[in-house]
Structure formats: C-alpha cells, structure tokens
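Q: Submitted below is the structure of interest, expressed as structure tokens.
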Amino acid sequence: MGNPLSPIIADLVMETLLDSVTKTIKFPIPVIKKHVDDLMLAIPKDEIETVKNTFNQYHQKIQFTVEVEKDGKLPYLDLLLVRKPDQTIKTEWYAKPIASGRFLNYLSAHSMTLKINVAKNLIKRVTTFSTNVDEATAKKIIHTQLRQNDYPKPLINRLINRRRENPPAAAPPTEDDNTKTFRSIVNIGSLTHKIQRTLRSDYPEVVTCPQQRKTVRSIIPGVKDKLEENQRSNVIYKIPCADCGSSYVGMTSCRLKDRVSGHRSTINKLTELREAGKDETDQEIMRLREKTALLDHCITNNHQFLLDRVEVLDSSHKKQNLAILESCHILNTQHTVNKRTDTDNLSGTYAGVLHTVKTIQHTTHRRTVE
C-alpha cells in the first residue's frame with residue numbers, strides 16, 4: 001500500500017487471472033467489468049458457487065467473495081446498478097450505508113478553489129451516475145450531501161445551474177499544456193490568492209496550486225525512527241569556514257554523508273597537490289577550482305572548511321525543488337562563498353519565480369519598517 005507501482009502490478013495480476021480463469025469456465029460470460037480487484041459479472045444463478053470456487057482456486061492468497069443482486073439492484077464501486085424488466089441496466093449514485101457523508105468542510109481553512117472543486121466533483125458524479133432518477137431527486141441528493149458539510153445553499157444552486165447551462169466537454173490537450181510548470185504554494189488565506197494573481201499575470205507559464213501545510217502528519221509525530229543528519233538525502237546544507245565568518249551553501253540529492261565525503265576527497269586532493277609544490281596556475285588545481293565555490297574559496301584564500309559541522313538548512317522530497325531552495329538560502333544567508341552564478345543561472349521559470357520571491361521579501365521588509 002502506498003507504493004505508486006502497486007496499482008499497476010495489481011492490474012497486471014488481475015488481467016492474468018481473468019485470462020486464465022475465464023478459459024476454464026465452461027459457459028460464456030456475457031458481461032464482465034473490472035476495476036482493479038472489483039469485478040462485476042453476469043452469470044447464471046445456479047453457477048455462482050462454481051464461478052467463485054474457480055476464481056479462488058487460482059491462488060491461495062487471492063480469495064474472492066460474492067455479492068448477488070437484490071431486488072434487481074447491485075452496488076458496484078460508486079454506482080448502484082438497476083436491472084430493469086426489459087433487461088437494460090440503469091445507474092444511480094451510490095454511497096455505502098456506513099458512509100459518514102463527510103468530506104472537505106466549507107468552513108475549513110483550505111483554499112476556496114479546493115472547496116468549490118470538491119462541490120463540483122460531487123455534482124458531476126451524482127448527475128453523471130444518476131440515469132435512473134429524475135433531476136429533482138439528483139438535486140436533493142446534492143443538497144443533502146453538501147449542506148451536511150456546511151456549503152451555503154446559494155453556492156450549491158449556482159454550481160448546479162452552471163453545470164446544467166454549460167455541461168463540461170472534454171478539451172483536447174494542447175501544446176501549451178506541455179510547456180506549463182506546476183508548483184505548489186503554501187495556503188495563507190487571502191495572501192496566497194494575491195501571490196497567485198501576481199504570478200499568473202507576470203508568469204503565465206507557471207501554474208500554482210495552494211497547499212495546506214497543517215496536515216495530520218504535521219500534528220501527529222512520525223512513528224518512524226528519525227534519520228541521522230548525515231543519512232538524509234535531497235537536502236540543502238551549509239558548511240562554515242574555519243578561518244573566516246563565511247560559509248558554503250550547497251545541495252545534494254544523494255546522502256549528505258556521501259556528498260561531504262566528496263568534498264573531503266577533493267580537499268585532500270588539493271592538499272596533496274600543494275604539498276607536491278603545485279601552485280594556483282597548475283592545471284589540476286585550476287580544474288579543482290571550477291568544481292565548487294567551496295574549493296575556489298580554499299584555493300584563493302588558503303582557508304579550510306569545518307566538514308564535521310555541516311548543517312542541514314532545508315529539504316524536499318522533489319529533486320526539482322532543490323535548485324530554487326538552494327538559491328533562496330544563498331540569498332538569505334550572509335557571507336556565503338557561493339558564486340553569483342549559483343543564483344543567476346536559474347533558467348526561465350525558476351528565475352522568474354525567484355525574482356517574484358525577492359520582490360515580495362523586499363515589500364514585506366519595507367512594510368515592517370514602516
């Protein structure tokens with residue numbers, strides 16, 4: 001559970017299972033639908049146990065249970081399948097009897113965009129799935145569900161009318177969709193909306209989505225053992241200079257221990273070259289200088305860095321976020337040995353977003369002084 005590969009593997013297993021089992025069943029199955037491990041079949045009543053046993057014989061760890069239609073109705077996923085006298089099948093939106101009916105509350109601290117999308121999604125599901133009920137009944141279901149979660153009646157009616165007047169059509173993908181960059185932004189009430197509006201007008205290629213940082217994980221401490229600092233990966237780190245007040249800010253997607261070991265190895269190489277009488281004009285030393293700003297500082301000033309006092313400044317589970325995080329920490333850390341190109345070489349979207357961040361920081365500082 002939780003592994004992104006799990007649904008793919010489960011689907012492959014079920015396809016293989018279906019292909020194998022259906023070949024052993026001695027009569028044709030006119031209707032068979034599958035969603036991961038949920039199956040819907042149309043079979044003779046007197047063959048139900050036979051079919052179930054055939055499926056359960058495929059593997060001892062894959063066992064199925066059976067639910068038979070009752071009064072011509074059978075729940076399947078979020079649908080209630082209704083068999084009519086003429087043998088046609090109609091559908092209704094279905095919720096299990098144990099369902100609480102609770103979802104994202106309108107009075108919660110989430111962004112308004114997210115709340116409206118939740119309501120739109122419910123309206124879409126009820127209206128799309130309900131082919132066996134009239135419009136008034138579907139509308140009553142929508143009102144009951146949304147009002148239970150504190151959504152105001154005017155908003156519900158407006159969203160229902162908007163969907164009735166302008167039913168959504170599947171838009172074909174455009175080339176612009178492939179050029180857009182999607183990023184999350186912390187949800188801080190109306191401030192987030194203002195920042196989004198600024199980014200949307202200045203950088204239309206950037207699409208931002210509000211993210212709620214106050215999650216269950218942030219409230220309940222993790223049950224896993226905490227990794228040691230040098231075992232962490234995808235981090236922004238800082239190494240202080242032993243001979244001045246400067247420091248080096250870097251990033252790594254591998255273990256911090258391995259990255260520091262790499263710094264130590266190149267510094268040892270520099271020491272060996274100097275002990276061999278090499279100066280700054282030597283080709284090997286010049287190649288070392290180009291590797292990192294840390295080595296450049298060591299060569300230019302003959303300083304040493306405290307590799308046993310590495311500090312983790314930030315981290316991200318997404319590697320593509322490390323470049324922008326590193327640049328922000330370089331800008332916000334005084335007396336760094338990093339080169340200017342460490343922040344100016346950001347291309348396109350990153351550079352634009354970083355400029356906006358600096359503008360917001362400057363404005364916030366000015367308001368605080370005032």
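Identifiers in this document derive from the order of the structure tokens: chains are assigned A, B, ..., residues are numbered from 1 separately in each chain, and ligands are numbered from 1 in order of occurrence.
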Wanna dump the segment 212-247 of chain A-segment 181-197 of chain A contacts at 12 Å for me, each residue with its shortest atom pair and the distance in Å to one decimal, counting only C-alpha atoms, ordered by chain and number, as CSV?

A:
residue,atom,partner,partner_atom,distance
A:Gln212,CA,A:Asn187,CA,5.6
A:Arg213,CA,A:Val186,CA,6.7
A:Lys214,CA,A:Asn187,CA,9.6

Q: So that I have them on file, write out the residues from the current selection with C-alpha atoms, as a JSON list (two decimals), in the first residue's frame.

A:
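This went into result-v5.json:
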[["chain", "number", "residue", "atom", "x", "y", "z"],
["A", 212, "GLN", "CA", -2.29, 23.07, 3.15],
["A", 213, "ARG", "CA", 0.71, 22.62, 5.46],
["A", 214, "LYS", "CA", -1.37, 21.92, 8.58]]

Q: In terms of the shortest atom-to-atom distance over only C-alpha atoms, which of A:Lys70, A:Ile156, A:Val206, A:Arg164 is closest to Asn178 of chain A?

A: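 Closest residue, counting only C-alpha atoms: A:Val206.
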
Q: May I have all residues of segment 84-116 of chain A that DSSP, computed from the backbone, assigns to strand (DSSP E), given as a ChimeraX atom specification?

A: /A:89-93
